[in-house]
>>> print(open('my_file-v1.cif').read())   # mmCIF, C-alpha atoms
data_model
#
loop_
_atom_site.label_atom_id
_atom_site.label_comp_id
_atom_site.auth_asym_id
_atom_site.auth_seq_id
_atom_site.Cartn_x
_atom_site.Cartn_y
_atom_site.Cartn_z
CA MET A 1 0.00 0.00 0.00
CA GLU A 2 1.35 3.39 -0.95
CA LYS A 3 2.15 5.57 2.07
CA ILE A 4 1.44 9.29 2.13
CA ASN A 5 3.36 11.51 4.54
CA ILE A 6 1.39 14.29 6.19
CA SER A 7 3.39 16.95 8.03
CA VAL A 8 1.17 18.25 10.80
CA VAL A 9 3.14 21.50 11.12
CA ASN A 10 2.77 22.15 7.42
CA VAL A 11 -0.99 21.48 7.39
CA VAL A 12 -1.64 23.64 10.45
CA GLY A 13 0.91 26.30 9.49
CA ASP A 14 2.11 26.50 13.08
CA ILE A 15 4.17 24.56 15.62
CA PHE A 16 1.28 25.01 18.08
CA CYS A 17 -1.31 22.40 17.14
CA THR A 18 -3.99 23.23 19.63
CA GLU A 19 -7.25 24.22 17.94
CA ALA A 20 -10.03 21.82 16.97
CA ALA A 21 -10.49 23.60 13.62
CA ASP A 22 -6.85 22.89 12.71
CA GLY A 23 -7.33 19.25 13.68
CA GLN A 24 -10.20 19.13 11.20
CA LYS A 25 -7.79 20.07 8.36
CA VAL A 26 -5.54 17.15 9.27
CA PHE A 27 -8.54 14.81 9.56
CA GLU A 28 -9.77 15.72 6.08
CA LEU A 29 -6.42 14.82 4.54
CA ILE A 30 -6.18 11.48 6.36
CA ASP A 31 -9.80 10.71 5.45
CA LYS A 32 -9.14 11.47 1.79
CA ALA A 33 -6.09 9.22 1.73
CA LEU A 34 -7.87 6.33 3.46
CA LYS A 35 -10.79 6.60 1.05
CA GLU A 36 -8.26 6.12 -1.77
CA ASN A 37 -6.85 3.06 0.02
CA LYS A 38 -3.56 4.75 0.84
CA ALA A 39 -1.64 4.41 4.09
CA VAL A 40 -0.73 7.56 6.01
CA ASN A 41 2.26 8.56 8.09
CA LEU A 42 1.45 11.45 10.36
CA SER A 43 4.61 13.38 11.08
CA PHE A 44 4.74 15.51 14.24
CA VAL A 45 8.26 16.79 13.53
CA ASN A 46 8.68 20.28 15.07
CA VAL A 47 5.29 20.26 16.80
CA LYS A 48 5.73 22.24 20.02
CA MET A 49 2.30 21.93 21.60
CA LEU A 50 -0.64 19.57 21.20
CA THR A 51 -4.05 19.54 22.82
CA THR A 52 -6.56 16.72 23.02
CA ALA A 53 -9.09 19.05 21.33
CA PHE A 54 -6.81 19.08 18.26
CA LEU A 55 -6.19 15.32 18.38
CA ASN A 56 -9.91 14.51 18.84
CA THR A 57 -10.77 16.11 15.51
CA ALA A 58 -7.53 15.17 13.70
CA VAL A 59 -7.47 11.49 14.65
CA GLY A 60 -10.26 10.57 17.10
CA GLN A 61 -13.10 11.03 14.64
CA LEU A 62 -11.55 8.53 12.20
CA TYR A 63 -13.06 5.82 14.43
CA LYS A 64 -16.53 6.96 13.40
CA ASP A 65 -16.06 5.74 9.82
CA TYR A 66 -13.16 3.32 9.92
CA SER A 67 -12.63 0.10 11.87
CA GLU A 68 -9.88 -0.23 14.46
CA GLU A 69 -8.15 -2.82 12.22
CA ARG A 70 -8.22 -0.50 9.21
CA ILE A 71 -6.76 2.41 11.18
CA LYS A 72 -4.10 0.23 12.81
CA SER A 73 -2.94 -1.09 9.46
CA SER A 74 -3.07 2.24 7.60
CA LEU A 75 -1.91 4.91 10.05
CA THR A 76 1.48 5.48 11.65
CA VAL A 77 2.83 8.40 13.64
CA GLU A 78 6.35 9.68 14.08
CA GLN A 79 8.23 12.17 16.22
CA LEU A 80 5.55 12.51 18.83
CA THR A 81 6.87 13.72 22.18
CA PRO A 82 6.32 11.35 25.13
CA SER A 83 3.64 13.70 26.40
CA GLY A 84 2.04 13.82 22.92
CA SER A 85 2.00 10.01 22.75
CA VAL A 86 0.18 9.84 26.09
CA SER A 87 -2.43 12.35 24.87
CA LEU A 88 -2.93 10.61 21.51
CA LYS A 89 -3.31 7.19 23.15
CA ARG A 90 -5.93 8.68 25.47
CA VAL A 91 -7.75 10.28 22.52
CA VAL A 92 -7.74 7.02 20.57
CA ASP A 93 -8.98 4.90 23.50
CA THR A 94 -11.75 7.42 24.19
CA ALA A 95 -12.83 7.53 20.53
CA LYS A 96 -13.02 3.73 20.32
CA LEU A 97 -15.38 3.63 23.30
CA TYR A 98 -17.40 6.66 22.18
CA TYR A 99 -18.28 5.33 18.75
CA LYS A 100 -19.02 1.85 20.11
CA ASN A 101 -21.54 3.20 22.61
CA PRO A 102 -23.33 6.31 21.32
CA GLY A 103 -25.64 6.37 24.37
CA ALA A 104 -22.78 6.65 26.88
CA MET A 105 -23.13 10.42 27.36
CA GLU A 106 -26.82 10.17 28.26
CA GLN A 107 -26.00 7.33 30.67
CA SER A 108 -23.36 9.43 32.41
CA ILE A 109 -25.84 12.33 32.73
CA ASN A 110 -28.33 9.97 34.41
CA GLU A 111 -25.59 8.76 36.74
CA ILE A 112 -24.77 12.27 37.91
CA LEU A 113 -28.48 13.04 38.39
CA GLY A 114 -28.75 9.90 40.51
CA GLU A 115 -25.86 10.90 42.81
CA MET B 1 -19.35 53.48 45.51
CA ASN B 2 -18.51 49.80 44.99
CA GLN B 3 -15.75 48.77 47.31
CA ILE B 4 -13.72 45.77 46.20
CA SER B 5 -11.42 44.50 48.92
CA ASN B 6 -9.53 41.39 49.95
CA ILE B 7 -9.86 39.56 46.65
CA ASN B 8 -8.03 36.26 46.81
CA ASN B 9 -8.53 32.92 45.15
CA THR B 10 -11.21 31.77 47.56
CA PHE B 11 -14.93 30.98 47.41
CA GLU B 12 -15.61 34.17 49.42
CA SER B 13 -13.65 36.29 46.94
CA TYR B 14 -15.54 34.89 43.96
CA GLN B 15 -18.74 35.65 45.88
CA LYS B 16 -17.62 39.28 46.30
CA LEU B 17 -17.10 39.65 42.54
CA ILE B 18 -20.47 38.01 41.82
CA SER B 19 -22.18 40.33 44.31
CA PHE B 20 -20.51 43.34 42.69
CA TYR B 21 -21.85 42.19 39.33
CA GLN B 22 -25.35 41.50 40.64
CA ILE B 23 -25.60 45.01 42.11
CA ASN B 24 -24.56 46.65 38.83
CA LYS B 25 -25.73 44.33 36.07
CA ASP B 26 -28.98 46.15 35.26
CA LYS B 27 -27.41 49.62 35.10
CA GLN B 28 -27.27 51.48 31.80
CA PHE B 29 -25.74 54.87 30.93
CA GLU B 30 -24.50 55.29 34.49
CA ASP B 31 -21.19 55.98 36.18
CA ILE B 32 -20.05 52.92 38.11
CA HIS B 33 -17.67 54.06 40.85
CA ILE B 34 -15.20 51.52 42.18
CA SER B 35 -12.53 51.55 44.84
CA ILE B 36 -10.08 48.68 45.27
CA THR B 37 -8.47 48.39 48.68
CA SER B 38 -6.54 45.90 50.82
CA TRP B 39 -5.57 42.95 48.64
CA PHE B 40 -6.36 42.06 45.04
CA ALA B 41 -4.82 38.84 43.67
CA ALA B 42 -3.56 39.95 40.26
CA ASN B 43 -4.75 36.82 38.38
CA MET B 44 -8.31 37.79 39.36
CA CYS B 45 -8.03 40.63 36.82
CA SER B 46 -9.17 37.94 34.41
CA ALA B 47 -12.60 37.58 36.06
CA PHE B 48 -12.87 41.25 37.03
CA GLY B 49 -12.01 42.37 33.49
CA GLY B 50 -14.76 40.17 32.07
CA LEU B 51 -17.32 41.63 34.46
CA LEU B 52 -16.27 45.23 33.77
CA ASP B 53 -16.55 44.54 30.05
CA ILE B 54 -20.18 43.46 30.42
CA LEU B 55 -20.95 46.59 32.43
CA SER B 56 -19.17 48.74 29.80
CA SER B 57 -21.17 47.07 27.04
CA HIS B 58 -24.28 48.52 28.74
CA LEU B 59 -22.71 51.93 28.08
CA ASN B 60 -21.82 52.54 31.70
CA ASN B 61 -18.69 54.54 32.58
CA ILE B 62 -16.31 52.53 34.71
CA LYS B 63 -14.72 54.91 37.22
CA LEU B 64 -11.81 53.40 39.12
CA ASP B 65 -11.85 56.20 41.69
CA TYR B 66 -9.38 54.76 44.14
CA ILE B 67 -6.94 51.87 43.97
CA SER B 68 -4.56 51.45 46.88
CA PRO B 69 -1.03 52.29 45.65
CA SER B 70 0.48 48.81 46.01
CA ILE B 71 -2.40 47.19 44.10
CA GLU B 72 -2.36 49.92 41.47
CA LYS B 73 1.31 49.26 40.81
CA ILE B 74 0.72 45.54 40.21
CA LEU B 75 -2.29 46.19 37.97
CA GLN B 76 -0.22 48.65 35.95
CA LYS B 77 2.59 46.13 35.65
CA ASN B 78 0.32 43.35 34.43
CA ASP B 79 -1.33 45.62 31.83
CA PHE B 80 -4.83 45.45 33.34
CA LEU B 81 -5.04 49.18 33.94
CA SER B 82 -3.86 49.89 30.39
CA TYR B 83 -7.39 48.93 29.39
CA PHE B 84 -8.67 51.69 31.69
CA ASP B 85 -6.54 54.59 30.48
CA ARG B 86 -3.67 54.25 32.92
CA GLU B 87 -0.01 53.98 32.02
CA LYS B 88 1.79 50.67 31.98
CA ILE B 89 4.85 50.35 34.21
CA ALA B 90 7.73 47.91 33.88
CA ASP B 91 7.71 44.71 35.90
CA ASN B 92 11.31 44.57 37.11
CA TYR B 93 10.73 41.58 39.39
CA HIS B 94 9.01 39.59 36.63
CA THR B 95 6.28 38.23 38.85
CA THR B 96 3.28 39.28 36.76
CA ILE B 97 1.72 37.25 33.96
CA ARG B 98 0.13 39.79 31.67
CA TYR B 99 -3.62 40.42 31.51
CA LEU B 100 -4.84 39.61 28.02
CA LYS B 101 -8.22 40.03 26.38
CA LEU B 102 -8.59 37.90 23.29
CA LYS B 103 -11.22 37.04 20.74
CA PRO B 104 -11.78 33.28 20.58
CA THR B 105 -10.30 33.35 17.05
CA ASP B 106 -7.03 34.89 18.30
CA GLY B 107 -5.34 31.57 19.04
CA LYS B 108 -2.06 32.71 17.46
CA TYR B 109 -1.73 35.63 19.88
CA PHE B 110 -2.29 33.18 22.70
CA ASN B 111 0.64 31.09 21.40
CA SER B 112 3.13 33.92 21.73
CA TYR B 113 1.60 34.87 25.08
CA VAL B 114 2.23 31.34 26.42
CA ILE B 115 5.84 31.41 25.14
CA ASN B 116 6.62 34.86 26.52
CA GLU B 117 4.75 34.69 29.79
CA LEU B 118 5.18 31.03 30.78
CA LEU B 119 7.44 28.71 28.78
CA GLY B 120 10.19 31.25 28.11
CA ARG B 121 10.50 32.53 31.66
CA ASN B 122 13.67 31.74 33.53
CA GLU B 123 12.26 32.76 36.90
CA LEU B 124 10.89 29.26 37.35
CA PRO B 125 14.22 27.45 37.85
CA ARG B 126 12.92 24.67 40.03
CA MET B 127 10.26 23.63 37.59
CA SER B 128 11.51 20.98 35.18
CA ASP B 129 11.02 21.76 31.48
CA LEU B 130 8.61 18.85 31.29
CA VAL B 131 6.43 20.18 34.11
CA LYS B 132 6.55 23.66 32.57
CA GLU B 133 5.44 22.19 29.24
CA LYS B 134 2.70 20.17 30.92
CA MET B 135 1.51 23.31 32.70
CA ALA B 136 1.31 25.17 29.37
CA GLU B 137 -0.50 22.22 27.80
CA THR B 138 -3.19 22.22 30.50
CA ILE B 139 -3.63 25.97 30.15
CA TYR B 140 -4.14 25.40 26.43
CA GLU B 141 -6.78 22.76 27.08
CA ILE B 142 -8.76 25.30 29.10
CA PHE B 143 -8.28 28.05 26.52
CA VAL B 144 -9.41 25.75 23.70
CA ASN B 145 -12.43 24.65 25.78
CA ALA B 146 -13.42 28.29 26.12
CA GLN B 147 -12.93 28.77 22.36
CA ILE B 148 -15.11 25.79 21.46
CA HIS B 149 -17.79 25.80 24.12
CA SER B 150 -18.27 29.20 25.72
CA GLU B 151 -19.90 31.18 22.88
CA SER B 152 -18.15 34.19 24.44
CA ASN B 153 -17.03 37.24 22.47
CA PHE B 154 -13.81 37.47 24.45
CA ILE B 155 -11.59 35.31 26.61
CA TYR B 156 -9.71 36.98 29.47
CA THR B 157 -6.48 35.55 30.87
CA CYS B 158 -4.16 36.68 33.63
CA GLY B 159 -1.73 35.16 36.08
CA GLN B 160 0.63 35.87 38.91
CA PHE B 161 3.84 34.23 40.07
CA TYR B 162 4.34 34.05 43.84
CA PRO B 163 8.06 33.19 44.25
CA ASN B 164 7.95 33.00 48.05
CA GLU B 165 5.06 30.58 48.03
CA ASN B 166 6.39 28.60 45.05
CA LYS B 167 3.18 28.87 43.08
CA ILE B 168 1.64 30.30 39.95
CA GLU B 169 -2.01 31.25 39.77
CA PHE B 170 -3.41 31.43 36.25
CA THR B 171 -7.00 32.31 35.40
CA ILE B 172 -9.01 32.04 32.21
CA THR B 173 -12.46 33.65 32.11
CA ASP B 174 -15.17 33.76 29.48
CA ILE B 175 -18.45 35.59 29.54
CA GLY B 176 -20.31 32.93 27.63
CA ILE B 177 -23.13 30.52 28.36
CA GLY B 178 -21.56 28.53 31.23
CA PHE B 179 -21.43 24.80 31.97
CA LYS B 180 -25.04 24.47 33.16
CA ASN B 181 -26.67 25.93 30.05
CA LYS B 182 -24.27 24.14 27.73
CA VAL B 183 -24.90 20.69 29.22
CA ASN B 184 -28.65 21.14 29.71
CA ARG B 185 -29.13 22.50 26.21
CA ARG B 186 -27.23 19.57 24.71
CA PHE B 187 -29.00 16.79 26.64
CA ASN B 188 -32.34 18.49 27.35
CA THR B 189 -31.80 18.00 31.08
CA ASN B 190 -32.02 20.11 34.20
CA LEU B 191 -28.69 19.68 35.92
CA SER B 192 -27.69 22.20 38.58
CA SER B 193 -24.57 24.28 37.92
CA THR B 194 -22.42 22.13 40.22
CA GLN B 195 -23.76 18.88 38.72
CA ALA B 196 -22.94 20.21 35.23
CA ILE B 197 -19.39 21.20 36.22
CA LYS B 198 -18.76 17.87 37.96
CA TRP B 199 -20.09 15.98 34.94
CA ALA B 200 -17.87 17.95 32.54
CA THR B 201 -14.72 17.34 34.57
CA GLN B 202 -15.18 13.56 34.47
CA ASP B 203 -13.11 11.66 31.94
CA LYS B 204 -14.68 11.18 28.48
CA ASN B 205 -17.74 13.36 29.12
CA THR B 206 -18.36 15.82 26.30
CA THR B 207 -21.18 17.95 24.90
CA LYS B 208 -19.74 17.71 21.39
CA ILE B 209 -21.93 15.96 18.85
CA ASP B 210 -20.41 13.14 16.82
CA ILE B 211 -16.85 13.75 18.05
CA SER B 212 -15.42 12.13 21.14
CA GLY B 213 -13.71 14.25 23.76
CA GLY B 214 -13.92 15.21 27.40
CA ILE B 215 -10.26 14.43 28.02
CA GLY B 216 -8.81 17.91 28.55
CA LEU B 217 -10.33 18.61 31.96
CA ALA B 218 -9.68 15.04 33.11
CA LEU B 219 -5.99 15.31 32.12
CA LEU B 220 -5.81 18.63 33.88
CA LYS B 221 -7.18 17.10 37.09
CA GLU B 222 -4.60 14.31 36.92
CA PHE B 223 -1.77 16.80 36.44
CA ILE B 224 -3.05 19.05 39.24
CA ALA B 225 -3.17 16.07 41.62
CA LYS B 226 0.44 15.10 40.82
CA ASN B 227 1.68 18.68 40.97
CA HIS B 228 -0.20 19.28 44.26
CA GLY B 229 -1.87 22.27 42.70
CA LYS B 230 -5.49 23.31 42.64
CA MET B 231 -8.25 23.91 40.09
CA GLN B 232 -11.29 26.07 40.74
CA ILE B 233 -14.25 26.50 38.41
CA VAL B 234 -16.90 29.16 38.87
CA SER B 235 -19.79 28.97 36.44
CA ASP B 236 -23.29 30.39 36.86
CA ASP B 237 -23.99 29.94 40.59
CA GLY B 238 -21.77 26.87 40.89
CA TYR B 239 -18.37 26.47 42.53
CA TYR B 240 -16.14 23.46 42.03
CA GLU B 241 -12.68 22.94 43.47
CA PHE B 242 -10.28 20.07 42.87
CA SER B 243 -6.96 19.46 44.59
CA ALA B 244 -4.95 16.56 46.00
CA ASN B 245 -7.46 16.69 48.87
CA GLY B 246 -10.36 15.84 46.56
CA GLU B 247 -13.41 17.70 45.26
CA GLN B 248 -15.42 20.47 46.90
CA THR B 249 -18.53 22.16 45.55
CA GLY B 250 -20.59 25.15 46.65
CA LEU B 251 -23.38 27.44 45.55
CA PHE B 252 -23.07 31.21 45.22
CA ASN B 253 -25.66 33.78 46.00
CA GLY B 254 -26.19 35.11 42.44
CA GLN B 255 -24.67 34.03 39.14
CA PHE B 256 -21.35 34.66 37.45
CA PRO B 257 -22.21 35.48 33.82
CA GLY B 258 -19.87 32.93 32.24
CA THR B 259 -17.06 30.74 33.52
CA ILE B 260 -13.87 31.32 35.50
CA VAL B 261 -11.24 28.59 35.57
CA ASN B 262 -8.45 29.27 38.04
CA LEU B 263 -5.42 27.01 38.08
CA GLN B 264 -2.79 26.91 40.79
CA PHE B 265 0.50 25.22 39.94
CA ARG B 266 3.37 24.41 42.29
CA THR B 267 6.60 25.78 40.86
CA ASP B 268 8.82 23.70 43.16
CA ASP B 269 7.85 20.57 41.23
CA ASN B 270 10.81 19.14 39.32
CA SER B 271 9.33 15.70 38.66
CA SER B 272 9.63 13.81 35.45
CA TYR B 273 6.67 11.54 36.12
CA ILE B 274 5.24 11.74 32.61
CA LEU B 275 8.22 9.88 31.18
CA LYS B 276 7.45 6.90 33.39
CA LYS B 277 4.34 6.38 31.32
CA GLU B 278 6.08 6.40 27.96
CA ILE B 279 4.03 4.84 25.18
CA ASN B 280 5.30 3.01 22.13
CA ASN B 281 3.97 4.71 18.99
CA ASN B 282 3.19 1.28 17.53
CA ASP B 283 0.73 0.63 20.37
CA ILE B 284 -1.37 3.76 19.97
CA PHE B 285 -4.02 2.62 17.46
#
>>> encode(input="my_file-v1.cif", output="C-alpha cells")
Amino acid sequence: MEKINISVVNVVGDIFCTEAADGQKVFELIDKALKENKAVNLSFVNVKMLTTAFLNTAVGQLYKDYSEERIKSSLTVEQLTPSGSVSLKRVVDTAKLYYKNPGAMEQSINEILGE
Amino acid sequence: MNQISNINNTFESYQKLISFYQINKDKQFEDIHISITSWFAANMCSAFGGLLDILSSHLNNIKLDYISPSIEKILQKNDFLSYFDREKIADNYHTTIRYLKLKPTDGKYFNSYVINELLGRNELPRMSDLVKEKMAETIYEIFVNAQIHSESNFIYTCGQFYPNENKIEFTITDIGIGFKNKVNRRFNTNLSSTQAIKWATQDKNTTKIDISGGIGLALLKEFIAKNHGKMQIVSDDGYYEFSANGEQTGLFNGQFPGTIVNLQFRTDDNSSYILKKEINNNDIF
C-alpha cells in the first residue's frame, strides 16, 4: 500500500497544534487518503504543543467511519513527544469507546443526576 | 461606591465579585464608581475584566476612583489598567503574567503569550522543562475549551507568580453561556450548575456531537493532583474545586455570567513523572 506523509506543522501552518479547527484540516487529509486506500504517516516533527481538542478532531473522529483494524494497518505516527503520545493514546482509546456506545453520554448524565 | 477588597482565590472572593456584578448588572448609561483596597490577587483581573466589560457594554462609565497604591502598581505592571486609560509600568521583578483580552479566534496571539509569559520565563528554575510544558498544555486545554464551548465574544487571561510561596495562579475567564446551560441545552436535562461542572470534569464526558472528547479537563485534574496544585471552576452559581485533597462544591448567592477557571501550579515541582508512562507509537491505534 502506498504511504502518504502528512506533516502536521505544514498542514496547520504552526508549531502550536492546539485548535479543533486545525485538527479538522488534518482529519480531512487522512480521510481522503484512506478513502483512496492509501496508508498515512502522520509526522509531528517540530510540533511544540498539542491539545486533546486538536487530536480529537484530527485522529479521534476517524473511528466513526473506519474500523480499528483498518486504522491500525493504515496509520502510523512519528516524532511525537512522550507527552504527545500519552495524549494521543488517550484520545484514541476514548474515541473507540465513544463510537461503540453512542448512548454513553446520556447514561453518564443519568448517573450524575442519581448521585 | 462599589468597594472591592480582599480579593483572593477563595470561594468568598468569587462571591464578592459576583455580588458586585449582581448590584450593577442592570445599570445602563450610568457611572459605576469603584474603589479597590486591601488585597487584590492579580490573576483575578481575568474575572474582574470580564465583568467590567459586560458593564461597559451597557454603556456605563467605569470609574476606578481609588486603587490602593500597592495594588495599582501591580495592575499597571500586568497591563490590566492599560485597558482603563492608565499607564503601563515595567515589571522589574518579573512576577506578573500579563492580563490579556482575546477574541476566541485569536489563538495565534495566545501562542506567543504562552511562550513569553510562561514557557520562556527563567524565573521558574525549580520547575523541570517537562512540568513547565505540561503546565502550558493544560492551560491550552482550558483556553481551547473556552474557544469551542463558551460562545463568548472574548476570553480573558491573567496570572501571577508568587516566588515566596512557590506557586503560579493562572486564570481564564469567558463571559459565555456557562457549563449548566451548555450541558442542559445539549442533553435536554435540568442539571444544577455544580452537577454540570462535575459531569464535565469527568473523563470522556463531552457535549460535542459526533466527536469524542472530554479528556482535557480530566488530564488537567490528573496533572493538578500530581503537581499538588489546585483547580477552581466558577460557572453560573456553581463552585467546584479540585486538589490533591479531593473535590469540593458550593453554591453562590447570584450568578457569574460565564465561567472562571483558576489554576494553581506548584513551581517547586521538578518531577519527570510523565516519562514513566512512555508509550510506544506502535501501540497507539
>>> resolve_selection(input="my_file-v1.cif", expression="the PyMOL selection byres ((chain B) within 8 of (chain A))", output="JSON list (two decimals) with C-alpha atoms, in the coordinates of the input")
[["chain", "number", "residue", "atom", "x", "y", "z"],
["B", 107, "GLY", "CA", -5.34, 31.57, 19.04],
["B", 111, "ASN", "CA", 0.64, 31.09, 21.40],
["B", 134, "LYS", "CA", 2.70, 20.17, 30.92],
["B", 137, "GLU", "CA", -0.50, 22.22, 27.80],
["B", 140, "TYR", "CA", -4.14, 25.40, 26.43],
["B", 141, "GLU", "CA", -6.78, 22.76, 27.08],
["B", 144, "VAL", "CA", -9.41, 25.75, 23.70],
["B", 145, "ASN", "CA", -12.43, 24.65, 25.78],
["B", 148, "ILE", "CA", -15.11, 25.79, 21.46],
["B", 187, "PHE", "CA", -29.00, 16.79, 26.64],
["B", 191, "LEU", "CA", -28.69, 19.68, 35.92],
["B", 195, "GLN", "CA", -23.76, 18.88, 38.72],
["B", 199, "TRP", "CA", -20.09, 15.98, 34.94],
["B", 204, "LYS", "CA", -14.68, 11.18, 28.48],
["B", 205, "ASN", "CA", -17.74, 13.36, 29.12],
["B", 206, "THR", "CA", -18.36, 15.82, 26.30],
["B", 210, "ASP", "CA", -20.41, 13.14, 16.82],
["B", 211, "ILE", "CA", -16.85, 13.75, 18.05],
["B", 212, "SER", "CA", -15.42, 12.13, 21.14],
["B", 213, "GLY", "CA", -13.71, 14.25, 23.76],
["B", 215, "ILE", "CA", -10.26, 14.43, 28.02],
["B", 216, "GLY", "CA", -8.81, 17.91, 28.55],
["B", 274, "ILE", "CA", 5.24, 11.74, 32.61],
["B", 275, "LEU", "CA", 8.22, 9.88, 31.18],
["B", 277, "LYS", "CA", 4.34, 6.38, 31.32],
["B", 278, "GLU", "CA", 6.08, 6.40, 27.96],
["B", 279, "ILE", "CA", 4.03, 4.84, 25.18],
["B", 280, "ASN", "CA", 5.30, 3.01, 22.13],
["B", 281, "ASN", "CA", 3.97, 4.71, 18.99],
["B", 282, "ASN", "CA", 3.19, 1.28, 17.53],
["B", 284, "ILE", "CA", -1.37, 3.76, 19.97],
["B", 285, "PHE", "CA", -4.02, 2.62, 17.46]]
>>> closest_residue(input="my_file-v1.cif", among="B:Ile7, B:Asn245, B:Thr157, B:Ala196", to="B:Val261", atoms="only C-alpha atoms")
B:Thr157
>>> closest_atom_pairs(input="my_file-v1.cif", of="stretch 19-101 of chain B", to="stretch 218-237 of chain B", cutoff="12 Å", atoms="all atoms listed in the file", output="JSON lines")
{"residue": "B:Ser19", "atom": "CA", "partner": "B:Asp237", "partner_atom": "CA", "distance": 11.2}
{"residue": "B:Gln22", "atom": "CA", "partner": "B:Asp237", "partner_atom": "CA", "distance": 11.6}
{"residue": "B:Ala47", "atom": "CA", "partner": "B:Val234", "partner_atom": "CA", "distance": 9.9}
>>> residues_around(input="my_file-v1.cif", residues="B:Asp26", least_positions_apart="4", cutoff="12 Å", atoms="only C-alpha atoms", output="list in words")
Phe20, Tyr21, Gln22, Glu30, Ile32, Ile54, Leu55, Ser56, Ser57, His58, Leu59 and Asn60 of chain B
>>> residues_around(input="my_file-v1.cif", residues="A:Gly13", least_positions_apart="5", cutoff="10 Å", atoms="only C-alpha atoms", output="list in words")
Ser7, Val8 and Asp22 of chain A
>>> atom_distance(input="my_file-v1.cif", atom1="atom CA of B:Ser271", atom2="atom CA of B:Phe110")
26.4 Å
>>> atom_distance(input="my_file-v1.cif", atom1="atom CA of B:Arg121", atom2="atom CA of B:Lys108")
19.0 Å
>>> atom_distance(input="my_file-v1.cif", atom1="atom CA of B:Pro69", atom2="atom CA of B:Tyr14")
22.7 Å
>>> resolve_selection(input="my_file-v1.cif", expression="the PyMOL selection byres ((chain B and resi 79) around 10)", output="PyMOL selection string")
chain B and resi 45+74-78+80-84+86-91+96-100+158
>>> write_last_selection(input="my_file-v1.cif", atoms="C-alpha atoms", output="mmCIF file, keeping the file's coordinate frame")
data_model
loop_
_atom_site.group_PDB
_atom_site.id
_atom_site.type_symbol
_atom_site.label_atom_id
_atom_site.label_comp_id
_atom_site.auth_asym_id
_atom_site.auth_seq_id
_atom_site.Cartn_x
_atom_site.Cartn_y
_atom_site.Cartn_z
ATOM 1 C CA CYS B 45 -8.030 40.630 36.820
ATOM 2 C CA ILE B 74 0.720 45.540 40.210
ATOM 3 C CA LEU B 75 -2.290 46.190 37.970
ATOM 4 C CA GLN B 76 -0.220 48.650 35.950
ATOM 5 C CA LYS B 77 2.590 46.130 35.650
ATOM 6 C CA ASN B 78 0.320 43.350 34.430
ATOM 7 C CA PHE B 80 -4.830 45.450 33.340
ATOM 8 C CA LEU B 81 -5.040 49.180 33.940
ATOM 9 C CA SER B 82 -3.860 49.890 30.390
ATOM 10 C CA TYR B 83 -7.390 48.930 29.390
ATOM 11 C CA PHE B 84 -8.670 51.690 31.690
ATOM 12 C CA ARG B 86 -3.670 54.250 32.920
ATOM 13 C CA GLU B 87 -0.010 53.980 32.020
ATOM 14 C CA LYS B 88 1.790 50.670 31.980
ATOM 15 C CA ILE B 89 4.850 50.350 34.210
ATOM 16 C CA ALA B 90 7.730 47.910 33.880
ATOM 17 C CA ASP B 91 7.710 44.710 35.900
ATOM 18 C CA THR B 96 3.280 39.280 36.760
ATOM 19 C CA ILE B 97 1.720 37.250 33.960
ATOM 20 C CA ARG B 98 0.130 39.790 31.670
ATOM 21 C CA TYR B 99 -3.620 40.420 31.510
ATOM 22 C CA LEU B 100 -4.840 39.610 28.020
ATOM 23 C CA CYS B 158 -4.160 36.680 33.630
#
>>> residues_around(input="my_file-v1.cif", residues="stretch 170-183 of chain B", least_positions_apart="3", cutoff="9 Å", atoms="all atoms listed in the file", output="JSON, numbers by chain")
{"B": [43, 44, 45, 46, 47, 49, 50, 51, 54, 97, 139, 142, 143, 146, 147, 149, 150, 151, 152, 153, 154, 155, 156, 157, 158, 159, 160, 161, 186, 187, 188, 189, 190, 191, 192, 193, 194, 195, 196, 197, 199, 200, 206, 207, 234, 235, 236, 238, 256, 257, 258, 259, 260, 261, 262, 263, 264, 265]}
>>> residues_around(input="my_file-v1.cif", residues="B:Ser68", least_positions_apart="4", cutoff="10 Å", atoms="all atoms listed in the file", output="list in words")
Ser5, Ser35, Ile36, Thr37, Ser38, Trp39, Phe40, Glu72 and Lys73 of chain B
>>> closest_residue(input="my_file-v1.cif", among="A:Asn10, A:Lys35, A:Ala58, A:Met1", to="A:Gly23", atoms="only C-alpha atoms")
A:Ala58
>>> resolve_selection(input="my_file-v1.cif", expression="the PyMOL selection byres ((chain A and resi 6) around 6)", output="VMD selection string")
chain A and resid 5 7 42 to 43
>>> decode(input="my_file-v1.cif", residues="stretch 46-51 of chain B", atoms="N, CA, C and O atoms", output="PDB file, in the first residue's frame")
ATOM      1  N   SER B  46      -8.503  38.680  35.477  1.00  0.00           N
ATOM      2  CA  SER B  46      -9.175  37.940  34.412  1.00  0.00           C
ATOM      3  C   SER B  46     -10.691  37.979  34.607  1.00  0.00           C
ATOM      4  O   SER B  46     -11.435  38.388  33.707  1.00  0.00           O
ATOM      5  N   ALA B  47     -11.156  37.600  35.790  1.00  0.00           N
ATOM      6  CA  ALA B  47     -12.603  37.581  36.060  1.00  0.00           C
ATOM      7  C   ALA B  47     -13.158  39.007  36.160  1.00  0.00           C
ATOM      8  O   ALA B  47     -14.221  39.314  35.610  1.00  0.00           O
ATOM      9  N   PHE B  48     -12.400  39.876  36.823  1.00  0.00           N
ATOM     10  CA  PHE B  48     -12.866  41.250  37.034  1.00  0.00           C
ATOM     11  C   PHE B  48     -12.978  41.974  35.681  1.00  0.00           C
ATOM     12  O   PHE B  48     -13.953  42.694  35.428  1.00  0.00           O
ATOM     13  N   GLY B  49     -11.988  41.738  34.817  1.00  0.00           N
ATOM     14  CA  GLY B  49     -12.006  42.371  33.488  1.00  0.00           C
ATOM     15  C   GLY B  49     -13.228  41.945  32.681  1.00  0.00           C
ATOM     16  O   GLY B  49     -13.858  42.760  32.001  1.00  0.00           O
ATOM     17  N   GLY B  50     -13.579  40.667  32.774  1.00  0.00           N
ATOM     18  CA  GLY B  50     -14.764  40.171  32.068  1.00  0.00           C
ATOM     19  C   GLY B  50     -16.029  40.856  32.567  1.00  0.00           C
ATOM     20  O   GLY B  50     -16.868  41.287  31.769  1.00  0.00           O
ATOM     21  N   LEU B  51     -16.127  40.987  33.884  1.00  0.00           N
ATOM     22  CA  LEU B  51     -17.321  41.633  34.460  1.00  0.00           C
ATOM     23  C   LEU B  51     -17.398  43.109  34.058  1.00  0.00           C
ATOM     24  O   LEU B  51     -18.468  43.601  33.677  1.00  0.00           O
TER      25      LEU B  51
END
